[in-house]
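Below is my_file-v6.pdb, holding PDB, C-alpha atoms.
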```pdb
MODEL        1
ATOM      1  CA  MET Q   1      -4.019 -80.842  -1.903
ATOM      2  CA  ALA Q   2      -7.813 -80.888  -2.085
ATOM      3  CA  GLU Q   3      -7.799 -77.274  -3.237
ATOM      4  CA  ASN Q   4      -5.343 -78.039  -6.054
ATOM      5  CA  SER Q   5      -7.412 -81.040  -7.092
ATOM      6  CA  SER Q   6     -10.639 -79.039  -7.305
ATOM      7  CA  PHE Q   7      -8.804 -76.305  -9.198
ATOM      8  CA  GLN Q   8      -7.541 -78.736 -11.839
ATOM      9  CA  THR Q   9     -10.963 -80.358 -12.137
ATOM     10  CA  LEU Q  10     -12.689 -77.039 -12.832
ATOM     11  CA  THR Q  11     -10.060 -75.468 -15.084
ATOM     12  CA  GLY Q  12      -8.163 -78.397 -16.585
ATOM     13  CA  PHE Q  13      -4.799 -76.828 -15.756
ATOM     14  CA  ASP Q  14      -1.967 -77.421 -13.334
ATOM     15  CA  ASP Q  15      -0.344 -74.000 -13.032
ATOM     16  CA  ARG Q  16       2.862 -74.984 -11.227
ATOM     17  CA  VAL Q  17       4.923 -74.494 -14.380
ATOM     18  CA  ALA Q  18       7.463 -72.253 -16.075
ATOM     19  CA  ILE Q  19       8.069 -71.490 -19.741
ATOM     20  CA  ASP Q  20      11.612 -72.324 -20.817
ATOM     21  CA  PRO Q  21      12.729 -71.324 -24.346
ATOM     22  CA  LYS Q  22      15.751 -73.650 -24.181
ATOM     23  CA  ARG Q  23      13.662 -76.813 -23.825
ATOM     24  CA  SER Q  24      11.060 -78.643 -25.857
ATOM     25  CA  TYR Q  25       7.629 -77.001 -25.895
ATOM     26  CA  ALA Q  26       5.782 -80.285 -26.260
ATOM     27  CA  SER Q  27       5.412 -80.422 -22.472
ATOM     28  CA  VAL Q  28       5.159 -76.761 -21.505
ATOM     29  CA  GLU Q  29       2.387 -77.543 -19.014
ATOM     30  CA  ALA Q  30       4.462 -80.260 -17.308
ATOM     31  CA  ARG Q  31       7.486 -78.196 -16.180
ATOM     32  CA  ALA Q  32       7.840 -76.983 -12.603
ATOM     33  CA  ALA Q  33       8.259 -73.275 -11.804
ATOM     34  CA  THR Q  34      10.803 -71.951  -9.320
ATOM     35  CA  ALA Q  35      11.160 -68.663  -7.465
ATOM     36  CA  ASP Q  36      14.517 -68.137  -9.183
ATOM     37  CA  HIS Q  37      12.823 -68.346 -12.585
ATOM     38  CA  ARG Q  38      10.213 -65.757 -11.664
ATOM     39  CA  ALA Q  39      12.940 -63.403 -10.469
ATOM     40  CA  SER Q  40      15.074 -63.760 -13.616
ATOM     41  CA  THR Q  41      14.706 -62.408 -17.125
ATOM     42  CA  VAL Q  42      15.370 -64.008 -20.498
ATOM     43  CA  ARG Q  43      16.231 -61.854 -23.507
ATOM     44  CA  LEU Q  44      14.534 -62.817 -26.766
ATOM     45  CA  PRO Q  45      16.730 -61.395 -29.539
ATOM     46  CA  SER Q  46      14.223 -61.900 -32.362
ATOM     47  CA  LEU Q  47      11.111 -60.562 -30.635
ATOM     48  CA  ILE Q  48       9.687 -57.121 -31.380
ATOM     49  CA  ALA Q  49       6.614 -56.003 -29.414
ATOM     50  CA  ILE Q  50       4.340 -53.107 -30.265
ATOM     51  CA  ILE Q  51       2.333 -51.537 -27.474
ATOM     52  CA  GLY Q  52       0.044 -48.546 -27.130
ATOM     53  CA  CYS Q  53      -3.530 -47.463 -26.610
ATOM     54  CA  ASP Q  54      -6.287 -48.642 -28.928
ATOM     55  CA  GLY Q  55      -6.283 -46.410 -31.991
ATOM     56  CA  SER Q  56      -2.551 -45.710 -31.864
ATOM     57  CA  GLY Q  57      -1.887 -47.898 -34.919
ATOM     58  CA  LYS Q  58      -0.403 -51.049 -33.354
ATOM     59  CA  SER Q  59      -2.042 -53.594 -35.653
ATOM     60  CA  THR Q  60      -1.270 -51.655 -38.816
ATOM     61  CA  LEU Q  61       2.362 -51.164 -37.819
ATOM     62  CA  ALA Q  62       2.757 -54.832 -36.844
ATOM     63  CA  ALA Q  63       1.422 -55.993 -40.210
ATOM     64  CA  ASP Q  64       3.577 -53.569 -42.197
ATOM     65  CA  LEU Q  65       6.740 -54.393 -40.264
ATOM     66  CA  ALA Q  66       6.161 -58.093 -40.833
ATOM     67  CA  THR Q  67       5.671 -57.511 -44.553
ATOM     68  CA  ALA Q  68       8.810 -55.386 -44.847
ATOM     69  CA  LEU Q  69      10.983 -57.850 -42.933
ATOM     70  CA  SER Q  70       9.687 -60.987 -44.654
ATOM     71  CA  ALA Q  71      11.754 -60.295 -47.779
ATOM     72  CA  ASP Q  72      14.878 -61.683 -46.087
ATOM     73  CA  ARG Q  73      13.653 -63.287 -42.856
ATOM     74  CA  SER Q  74      11.033 -65.729 -41.669
ATOM     75  CA  VAL Q  75       8.565 -63.542 -39.770
ATOM     76  CA  GLN Q  76       5.444 -64.201 -37.721
ATOM     77  CA  SER Q  77       3.032 -61.427 -36.725
ATOM     78  CA  LEU Q  78       1.102 -62.446 -33.592
ATOM     79  CA  TYR Q  79      -1.590 -60.863 -31.444
ATOM     80  CA  LEU Q  80      -0.818 -61.346 -27.737
ATOM     81  CA  GLY Q  81      -3.826 -59.564 -26.277
ATOM     82  CA  GLN Q  82      -6.541 -61.127 -24.149
ATOM     83  CA  ASP Q  83      -8.505 -62.263 -27.207
ATOM     84  CA  SER Q  84     -11.708 -63.354 -25.460
ATOM     85  CA  GLY Q  85     -13.319 -63.904 -28.869
ATOM     86  CA  ASN Q  86     -11.026 -66.821 -29.691
ATOM     87  CA  ILE Q  87     -11.572 -68.561 -26.394
ATOM     88  CA  LEU Q  88     -15.302 -68.234 -26.951
ATOM     89  CA  ARG Q  89     -14.970 -69.796 -30.402
ATOM     90  CA  ALA Q  90     -12.973 -72.679 -28.924
ATOM     91  CA  ILE Q  91     -15.433 -73.350 -26.131
ATOM     92  CA  VAL Q  92     -18.549 -73.203 -28.307
ATOM     93  CA  THR Q  93     -17.297 -76.239 -30.227
ATOM     94  CA  ILE Q  94     -18.097 -78.387 -27.157
ATOM     95  CA  PRO Q  95     -21.260 -80.337 -28.042
ATOM     96  CA  LEU Q  96     -24.558 -79.207 -26.498
ATOM     97  CA  ILE Q  97     -23.234 -76.987 -23.699
ATOM     98  CA  GLY Q  98     -20.301 -75.231 -25.365
ATOM     99  CA  GLY Q  99     -22.194 -72.164 -26.544
ATOM    100  CA  MET Q 100     -23.825 -71.561 -23.196
ATOM    101  CA  ILE Q 101     -20.603 -71.994 -21.228
ATOM    102  CA  GLY Q 102     -18.555 -69.842 -23.603
ATOM    103  CA  ARG Q 103     -20.990 -66.925 -23.531
ATOM    104  CA  PHE Q 104     -21.265 -67.146 -19.753
ATOM    105  CA  LEU Q 105     -17.488 -67.063 -19.201
ATOM    106  CA  VAL Q 106     -16.838 -64.175 -21.565
ATOM    107  CA  ARG Q 107     -19.792 -62.212 -20.164
ATOM    108  CA  LYS Q 108     -18.463 -62.689 -16.642
ATOM    109  CA  GLY Q 109     -14.982 -61.608 -17.668
ATOM    110  CA  ARG Q 110     -16.164 -58.507 -19.468
ATOM    111  CA  LYS Q 111     -18.439 -57.538 -16.588
ATOM    112  CA  ALA Q 112     -15.546 -57.737 -14.154
ATOM    113  CA  HIS Q 113     -13.215 -55.731 -16.399
ATOM    114  CA  ALA Q 114     -15.822 -52.998 -16.806
ATOM    115  CA  ASN Q 115     -16.497 -52.749 -13.070
ATOM    116  CA  LYS Q 116     -15.593 -49.268 -11.879
ATOM    117  CA  ASP Q 117     -15.202 -50.521  -8.321
ATOM    118  CA  LYS Q 118     -11.682 -51.887  -8.614
ATOM    119  CA  SER Q 119     -11.716 -52.971  -4.969
ATOM    120  CA  ALA Q 120     -14.583 -55.391  -5.499
ATOM    121  CA  THR Q 121     -13.666 -59.022  -4.921
ATOM    122  CA  PRO Q 122     -14.653 -61.337  -7.814
ATOM    123  CA  ASP Q 123     -16.974 -64.225  -7.074
ATOM    124  CA  THR Q 124     -15.834 -67.763  -7.875
ATOM    125  CA  THR Q 125     -17.373 -68.043 -11.338
ATOM    126  CA  THR Q 126     -16.078 -64.612 -12.355
ATOM    127  CA  ALA Q 127     -12.611 -65.503 -11.068
ATOM    128  CA  ILE Q 128     -12.626 -68.743 -13.078
ATOM    129  CA  ALA Q 129     -13.713 -66.880 -16.220
ATOM    130  CA  ILE Q 130     -10.979 -64.271 -15.875
ATOM    131  CA  TYR Q 131      -8.370 -66.889 -15.069
ATOM    132  CA  ILE Q 132      -9.256 -68.924 -18.165
ATOM    133  CA  LEU Q 133      -8.809 -65.808 -20.303
ATOM    134  CA  SER Q 134      -5.342 -65.369 -18.785
ATOM    135  CA  ARG Q 135      -4.550 -69.007 -19.480
ATOM    136  CA  TRP Q 136      -5.552 -68.487 -23.106
ATOM    137  CA  ARG Q 137      -3.117 -65.592 -23.333
ATOM    138  CA  ARG Q 138      -0.383 -67.762 -21.830
ATOM    139  CA  HIS Q 139      -1.178 -70.499 -24.366
ATOM    140  CA  LYS Q 140      -0.577 -68.003 -27.172
ATOM    141  CA  PHE Q 141       2.588 -66.805 -25.445
ATOM    142  CA  ALA Q 142       3.945 -70.373 -25.302
ATOM    143  CA  ARG Q 143       3.251 -70.737 -29.035
ATOM    144  CA  MET Q 144       5.139 -67.491 -29.637
ATOM    145  CA  LEU Q 145       8.145 -68.858 -27.734
ATOM    146  CA  ARG Q 146       8.087 -72.040 -29.808
ATOM    147  CA  LEU Q 147       8.201 -70.009 -33.011
ATOM    148  CA  HIS Q 148      10.999 -67.832 -31.648
ATOM    149  CA  ALA Q 149      13.013 -70.898 -30.618
ATOM    150  CA  ASN Q 150      12.624 -72.243 -34.170
ATOM    151  CA  GLY Q 151      14.277 -69.156 -35.652
ATOM    152  CA  GLN Q 152      11.255 -67.015 -36.450
ATOM    153  CA  VAL Q 153      11.295 -63.250 -36.037
ATOM    154  CA  ILE Q 154       8.208 -62.341 -34.013
ATOM    155  CA  ILE Q 155       6.280 -59.083 -34.363
ATOM    156  CA  ALA Q 156       3.921 -59.028 -31.393
ATOM    157  CA  ASP Q 157       0.862 -56.802 -31.286
ATOM    158  CA  ARG Q 158       0.647 -56.106 -27.495
ATOM    159  CA  TYR Q 159       2.733 -57.769 -24.812
ATOM    160  CA  PRO Q 160       1.917 -59.049 -21.295
ATOM    161  CA  GLN Q 161       3.345 -57.237 -18.282
ATOM    162  CA  ALA Q 162       3.303 -57.787 -14.512
ATOM    163  CA  GLU Q 163       3.724 -54.189 -13.337
ATOM    164  CA  VAL Q 164       0.150 -52.884 -13.379
ATOM    165  CA  PRO Q 165      -2.930 -55.123 -13.045
ATOM    166  CA  GLY Q 166      -5.798 -54.933 -15.500
ATOM    167  CA  PHE Q 167      -6.482 -56.499 -18.885
ATOM    168  CA  TYR Q 168      -6.728 -52.949 -20.257
ATOM    169  CA  PHE Q 169      -2.959 -52.772 -19.802
ATOM    170  CA  ASP Q 170      -2.170 -56.401 -20.715
ATOM    171  CA  GLY Q 171      -1.727 -57.226 -17.039
ATOM    172  CA  ARG Q 172      -3.451 -59.763 -14.810
ATOM    173  CA  GLY Q 173      -7.229 -59.585 -14.676
ATOM    174  CA  LEU Q 174      -8.028 -60.659 -11.113
ATOM    175  CA  ILE Q 175      -8.104 -57.372  -9.240
ATOM    176  CA  GLY Q 176      -9.684 -56.573  -5.894
ATOM    177  CA  ALA Q 177      -9.511 -56.897  -2.158
ATOM    178  CA  ALA Q 178      -8.143 -60.119  -0.667
ATOM    179  CA  PRO Q 179     -11.037 -62.607  -0.842
ATOM    180  CA  SER Q 180     -12.037 -64.882   2.009
ATOM    181  CA  ASN Q 181     -12.612 -67.672  -0.539
ATOM    182  CA  ALA Q 182      -9.470 -69.847  -0.559
ATOM    183  CA  PHE Q 183     -10.143 -71.053  -4.111
ATOM    184  CA  VAL Q 184     -10.287 -67.486  -5.465
ATOM    185  CA  ARG Q 185      -7.117 -66.620  -3.546
ATOM    186  CA  ALA Q 186      -5.408 -69.566  -5.225
ATOM    187  CA  LEU Q 187      -6.551 -68.376  -8.668
ATOM    188  CA  ILE Q 188      -5.254 -64.866  -7.958
ATOM    189  CA  ALA Q 189      -1.841 -66.204  -6.930
ATOM    190  CA  ARG Q 190      -1.647 -68.519  -9.940
ATOM    191  CA  GLU Q 191      -2.608 -65.762 -12.356
ATOM    192  CA  GLN Q 192       0.023 -63.465 -10.853
ATOM    193  CA  ARG Q 193       2.637 -66.160 -11.491
ATOM    194  CA  LEU Q 194       1.455 -66.496 -15.089
ATOM    195  CA  TYR Q 195       2.131 -62.832 -15.743
ATOM    196  CA  GLU Q 196       5.431 -62.836 -13.861
ATOM    197  CA  GLN Q 197       6.567 -65.752 -16.015
ATOM    198  CA  MET Q 198       5.519 -64.112 -19.290
ATOM    199  CA  ALA Q 199       6.964 -60.736 -18.322
ATOM    200  CA  SER Q 200      10.315 -62.367 -17.519
ATOM    201  CA  TYR Q 201      10.839 -62.769 -21.279
ATOM    202  CA  VAL Q 202      12.207 -59.449 -22.503
ATOM    203  CA  PRO Q 203      11.797 -58.419 -26.169
ATOM    204  CA  ALA Q 204      14.723 -57.166 -28.228
ATOM    205  CA  LEU Q 205      12.715 -53.991 -28.752
ATOM    206  CA  ILE Q 206       9.446 -52.502 -27.557
ATOM    207  CA  ILE Q 207       7.830 -49.955 -29.869
ATOM    208  CA  ARG Q 208       5.489 -47.760 -27.851
ATOM    209  CA  LEU Q 209       3.007 -45.752 -29.894
ATOM    210  CA  HIS Q 210       1.737 -42.661 -28.107
ATOM    211  CA  ILE Q 211      -1.616 -41.021 -28.721
ATOM    212  CA  ASP Q 212      -3.954 -38.840 -26.701
ATOM    213  CA  ALA Q 213      -7.328 -40.239 -25.640
ATOM    214  CA  GLU Q 214      -9.358 -37.828 -27.766
ATOM    215  CA  SER Q 215      -7.458 -38.727 -30.949
ATOM    216  CA  ALA Q 216      -7.781 -42.420 -30.106
ATOM    217  CA  HIS Q 217     -11.527 -41.987 -29.603
ATOM    218  CA  ARG Q 218     -11.906 -40.362 -33.015
ATOM    219  CA  ARG Q 219     -10.227 -43.406 -34.543
ATOM    220  CA  LYS Q 220     -12.095 -45.879 -32.298
ATOM    221  CA  PRO Q 221     -15.490 -44.255 -31.582
ATOM    222  CA  ASP Q 222     -16.889 -47.557 -30.296
ATOM    223  CA  HIS Q 223     -14.405 -47.493 -27.383
ATOM    224  CA  LYS Q 224     -15.262 -45.700 -24.150
ATOM    225  CA  LEU Q 225     -13.401 -42.413 -23.782
ATOM    226  CA  ALA Q 226     -12.830 -43.009 -20.054
ATOM    227  CA  MET Q 227     -11.147 -46.323 -20.819
ATOM    228  CA  LEU Q 228      -8.936 -44.716 -23.480
ATOM    229  CA  ARG Q 229      -7.924 -41.985 -21.030
ATOM    230  CA  GLU Q 230      -6.919 -44.609 -18.482
ATOM    231  CA  LYS Q 231      -4.877 -46.464 -21.088
ATOM    232  CA  THR Q 232      -3.066 -43.330 -22.263
ATOM    233  CA  ARG Q 233      -2.279 -42.530 -18.628
ATOM    234  CA  VAL Q 234      -0.898 -45.950 -17.637
ATOM    235  CA  ILE Q 235       0.725 -47.439 -20.747
ATOM    236  CA  PRO Q 236       3.512 -44.801 -20.948
ATOM    237  CA  THR Q 237       4.608 -45.755 -17.408
ATOM    238  CA  LEU Q 238       5.284 -49.452 -18.151
ATOM    239  CA  THR Q 239       8.939 -50.535 -18.277
ATOM    240  CA  PHE Q 240       8.659 -54.185 -19.442
ATOM    241  CA  ASN Q 241      11.560 -55.410 -17.313
ATOM    242  CA  GLY Q 242      14.013 -52.907 -18.747
ATOM    243  CA  ALA Q 243      13.442 -53.752 -22.421
ATOM    244  CA  PRO Q 244      14.752 -51.189 -24.939
ATOM    245  CA  ILE Q 245      11.806 -48.958 -25.844
ATOM    246  CA  LEU Q 246      11.381 -46.841 -28.966
ATOM    247  CA  GLU Q 247       8.894 -44.046 -28.278
ATOM    248  CA  LEU Q 248       6.898 -42.973 -31.345
ATOM    249  CA  ASP Q 249       3.946 -40.616 -31.774
ATOM    250  CA  GLY Q 250       1.083 -42.491 -33.411
ATOM    251  CA  ARG Q 251      -0.447 -39.186 -34.568
ATOM    252  CA  HIS Q 252       2.473 -38.350 -36.838
ATOM    253  CA  ASN Q 253       2.638 -39.081 -40.560
ATOM    254  CA  TYR Q 254       2.359 -42.858 -40.789
ATOM    255  CA  ALA Q 255       5.073 -43.254 -43.438
ATOM    256  CA  ASP Q 256       7.547 -41.528 -41.109
ATOM    257  CA  VAL Q 257       6.452 -43.679 -38.162
ATOM    258  CA  LEU Q 258       6.882 -46.852 -40.218
ATOM    259  CA  ASN Q 259      10.313 -45.852 -41.508
ATOM    260  CA  GLU Q 260      11.602 -44.962 -38.048
ATOM    261  CA  ALA Q 261      10.199 -48.160 -36.580
ATOM    262  CA  LEU Q 262      11.656 -50.301 -39.378
ATOM    263  CA  ALA Q 263      15.111 -48.766 -38.971
ATOM    264  CA  ALA Q 264      15.047 -49.433 -35.216
ATOM    265  CA  VAL Q 265      13.825 -52.993 -35.726
ATOM    266  CA  ARG Q 266      16.552 -53.818 -38.234
ATOM    267  CA  LYS Q 267      19.149 -52.443 -35.826
ATOM    268  CA  ALA Q 268      17.729 -54.477 -32.937
ATOM    269  CA  LEU Q 269      17.720 -57.655 -35.018
ATOM    270  CA  ALA Q 270      21.242 -57.142 -36.349
ATOM    271  CA  ALA Q 271      22.768 -58.966 -33.388
ATOM    272  CA  ALA Q 272      20.207 -61.769 -33.481
ATOM    273  CA  PRO Q 273      21.182 -65.303 -34.647
ATOM    274  CA  PRO Q 274      20.722 -65.940 -38.390
ATOM    275  CA  ALA Q 275      17.034 -66.427 -39.191
ATOM    276  CA  ILE Q 276      15.510 -69.119 -41.360
ATOM    277  CA  ALA Q 277      14.854 -67.888 -44.875
ATOM    278  CA  PRO Q 278      11.174 -67.861 -45.980
ATOM    279  CA  ASN Q 279      11.794 -70.699 -48.443
ATOM    280  CA  GLY Q 280      13.386 -72.821 -45.724
ATOM    281  CA  SER Q 281      16.892 -72.652 -47.244
TER     282      SER Q 281
ENDMDL
END
```

In structure tokens, write the structure found in this file.
Amino acid sequence: MAENSSFQTLTGFDDRVAIDPKRSYASVEARAATADHRASTVRLPSLIAIIGCDGSGKSTLAADLATALSADRSVQSLYLGQDSGNILRAIVTIPLIGGMIGRFLVRKGRKAHANKDKSATPDTTTAIAIYILSRWRRHKFARMLRLHANGQVIIADRYPQAEVPGFYFDGRGLIGAAPSNAFVRALIAREQRLYEQMASYVPALIIRLHIDAESAHRRKPDHKLAMLREKTRVIPTLTFNGAPILELDGRHNYADVLNEALAAVRKALAAAPPAIAPNGS
């Protein structure tokens, strides 16, 4: 009990919760999780997720699909990545100490993600920083579920998964040997549950954009080639709880990629409940 109390004091969260699309989202943080929930999956018939390595064209495709579909549906295009920049912007609004705390947390998180020694155990402050980034992602995921429950078609740029750890792959960020610190062990277990809960929601369609690391690096020269190689190695192996996956080559003519993706999306959405028209009628 003392460990849970100190955890909530430092992070402001009680993590013993589940996300339920059939209930009100006003109290997402107040609902209790169960083992049965973590083992089950929930199909989201109006959710399309686009995954792939940096430079494969995810953001462009997400924006263009949303534009094309918005003529006859209410559509939201959302980014479900780690998004450390937004959490920094939120924290820096805290008077006096916000800027210092925000920069410290993001710096700690980035340092841990860039650590080549994957077996290294994070210290307490690094673990807190990484966990808060995961909580931010879950906050965005809960907002996405609210929009979906209200009849919106969701085009998600990236999607969380619980198969392979590492923020590079949209998995959990706390990686390493089992720590002796009980508080860090608790954070690791809680973060794992976060990703199991999010991954239990299965999109109507996953669009996976393939690209080789060298081509991705030419498009994103500010990204490390080694990191891009690791992404292009791991991302094609993810299954996303058995979601239907459309495999597309991000190096092909973009107009052809968009047309094939749009046709598959319309087919996937055909069985979905009627969506709310953009004008609310």

Surrounding residues of segment 49-62 of chain Q excluding itself and chain neighbours under 2 positions, 7 Å, only C-alpha atoms, as a PDB file with C-alpha atoms, in the coordinates of the input:
```pdb
ATOM      1  CA  LEU Q  47      11.111 -60.562 -30.635  1.00  0.00           C
ATOM      2  CA  ASP Q  64       3.577 -53.569 -42.197  1.00  0.00           C
ATOM      3  CA  LEU Q  65       6.740 -54.393 -40.264  1.00  0.00           C
ATOM      4  CA  ALA Q  66       6.161 -58.093 -40.833  1.00  0.00           C
ATOM      5  CA  SER Q  77       3.032 -61.427 -36.725  1.00  0.00           C
ATOM      6  CA  ILE Q 155       6.280 -59.083 -34.363  1.00  0.00           C
ATOM      7  CA  ALA Q 156       3.921 -59.028 -31.393  1.00  0.00           C
ATOM      8  CA  ASP Q 157       0.862 -56.802 -31.286  1.00  0.00           C
ATOM      9  CA  ARG Q 158       0.647 -56.106 -27.495  1.00  0.00           C
ATOM     10  CA  TYR Q 159       2.733 -57.769 -24.812  1.00  0.00           C
ATOM     11  CA  PRO Q 203      11.797 -58.419 -26.169  1.00  0.00           C
ATOM     12  CA  LEU Q 205      12.715 -53.991 -28.752  1.00  0.00           C
ATOM     13  CA  ILE Q 206       9.446 -52.502 -27.557  1.00  0.00           C
ATOM     14  CA  ILE Q 207       7.830 -49.955 -29.869  1.00  0.00           C
ATOM     15  CA  ARG Q 208       5.489 -47.760 -27.851  1.00  0.00           C
ATOM     16  CA  LEU Q 209       3.007 -45.752 -29.894  1.00  0.00           C
ATOM     17  CA  HIS Q 210       1.737 -42.661 -28.107  1.00  0.00           C
ATOM     18  CA  ILE Q 211      -1.616 -41.021 -28.721  1.00  0.00           C
ATOM     19  CA  ALA Q 216      -7.781 -42.420 -30.106  1.00  0.00           C
ATOM     20  CA  ARG Q 219     -10.227 -43.406 -34.543  1.00  0.00           C
ATOM     21  CA  LYS Q 220     -12.095 -45.879 -32.298  1.00  0.00           C
ATOM     22  CA  LEU Q 228      -8.936 -44.716 -23.480  1.00  0.00           C
ATOM     23  CA  LYS Q 231      -4.877 -46.464 -21.088  1.00  0.00           C
ATOM     24  CA  THR Q 232      -3.066 -43.330 -22.263  1.00  0.00           C
ATOM     25  CA  ILE Q 235       0.725 -47.439 -20.747  1.00  0.00           C
ATOM     26  CA  GLY Q 250       1.083 -42.491 -33.411  1.00  0.00           C
ATOM     27  CA  LEU Q 258       6.882 -46.852 -40.218  1.00  0.00           C
TER      28      LEU Q 258
END
```

Specify the axis-aligned box that encloses all atoms of segment 153-156 of chain Q listed in the file after padding of 4 Å on each side, stating its centre and edge lengths in Å to one decimal as JSON.
```
{"center_x": 7.6, "center_y": -61.1, "center_z": -33.7, "size_x": 15.4, "size_y": 12.2, "size_z": 12.6}
```

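As for atom CA of Ala199 of chain Q and atom CA of Gln161 of chain Q, they are spaced 5.0 Å apart.
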
Review point. For Thr41 of chain Q, which residue among Q:Met198, Q:Ala263, Q:Ala226, Q:Val257 is the nearest when counting all atoms listed in the file?
Key: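 Of the candidates, the smallest distance to Thr41 of chain Q is held by Q:Met198.
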
Check your understanding: Rounded to one decimal in Å, what is the spacing between atom CA of Val202 of chain Q and atom CA of Ile48 of chain Q?
Key ->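 Between these atoms lies a distance of 9.5 Å.
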
Check your understanding: Using only C-alpha atoms, which of Q:Glu196, Q:Asn253, Q:Tyr168, Q:Glu260 sits nearest His223 of chain Q?
Key ->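 Of Q:Glu196, Q:Asn253, Q:Tyr168, Q:Glu260, the one nearest His223 of chain Q, counting only C-alpha atoms, is Q:Tyr168.
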
**Study point:** Picked residues, the PyMOL selection byres ((chain Q and resi 189) around 12), expected as a PyMOL selection string
**Key:** chain Q and resi 15-16+127+131+172-175+178-179+182-188+190-196

Exercise for review: Quick one: pull the distance between atom CA of Val42 of chain Q and atom CA of Ala162 of chain Q, Å, one decimal.
Suggested key: 14.8 Å

Write out as a CSV table (one decimal) with C-alpha atoms, in the frame of the given file each polymer residue whose atoms come within 12 Å of Leu44 of chain Q, counting only C-alpha atoms; drop sequence neighbours fewer than 4 positions from it.
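Output file result.csv follows:
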```csv
chain,number,residue,atom,x,y,z
Q,20,ASP,CA,11.6,-72.3,-20.8
Q,21,PRO,CA,12.7,-71.3,-24.3
Q,22,LYS,CA,15.8,-73.6,-24.2
Q,48,ILE,CA,9.7,-57.1,-31.4
Q,49,ALA,CA,6.6,-56.0,-29.4
Q,144,MET,CA,5.1,-67.5,-29.6
Q,145,LEU,CA,8.1,-68.9,-27.7
Q,146,ARG,CA,8.1,-72.0,-29.8
Q,147,LEU,CA,8.2,-70.0,-33.0
Q,148,HIS,CA,11.0,-67.8,-31.6
Q,149,ALA,CA,13.0,-70.9,-30.6
Q,151,GLY,CA,14.3,-69.2,-35.7
Q,152,GLN,CA,11.3,-67.0,-36.4
Q,153,VAL,CA,11.3,-63.2,-36.0
Q,154,ILE,CA,8.2,-62.3,-34.0
Q,155,ILE,CA,6.3,-59.1,-34.4
Q,198,MET,CA,5.5,-64.1,-19.3
Q,199,ALA,CA,7.0,-60.7,-18.3
Q,200,SER,CA,10.3,-62.4,-17.5
Q,201,TYR,CA,10.8,-62.8,-21.3
Q,202,VAL,CA,12.2,-59.4,-22.5
Q,203,PRO,CA,11.8,-58.4,-26.2
Q,204,ALA,CA,14.7,-57.2,-28.2
Q,205,LEU,CA,12.7,-54.0,-28.8
Q,206,ILE,CA,9.4,-52.5,-27.6
Q,243,ALA,CA,13.4,-53.8,-22.4
Q,244,PRO,CA,14.8,-51.2,-24.9
Q,268,ALA,CA,17.7,-54.5,-32.9
Q,269,LEU,CA,17.7,-57.7,-35.0
Q,271,ALA,CA,22.8,-59.0,-33.4
Q,272,ALA,CA,20.2,-61.8,-33.5
Q,273,PRO,CA,21.2,-65.3,-34.6
```

Review point. Q:Leu225, Q:Leu80, Q:Val75, Q:Ala255: which is nearest Phe167 of chain Q, counting all atoms listed in the file?
Key: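 Of the candidates, the smallest distance to Phe167 of chain Q is held by Q:Leu80.
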
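The nearest approach to Arg137 of chain Q among the residues Q:Thr124, Q:Asn150, Q:Gln82, Q:Ser74, with only C-alpha atoms taken into account, belongs to Q:Gln82.
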
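Take the candidates Q:Ala261, Q:Met227, Q:Ala63, Q:Leu238 and check each one against Tyr79 of chain Q using all atoms listed in the file; the shortest distance goes to Q:Ala63.
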
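Distances from Q:Gly81, Q:Ala213, Q:Ser70, Q:Arg233 to Arg135 of chain Q were compared using all atoms listed in the file, and the smallest one belongs to Q:Gly81.
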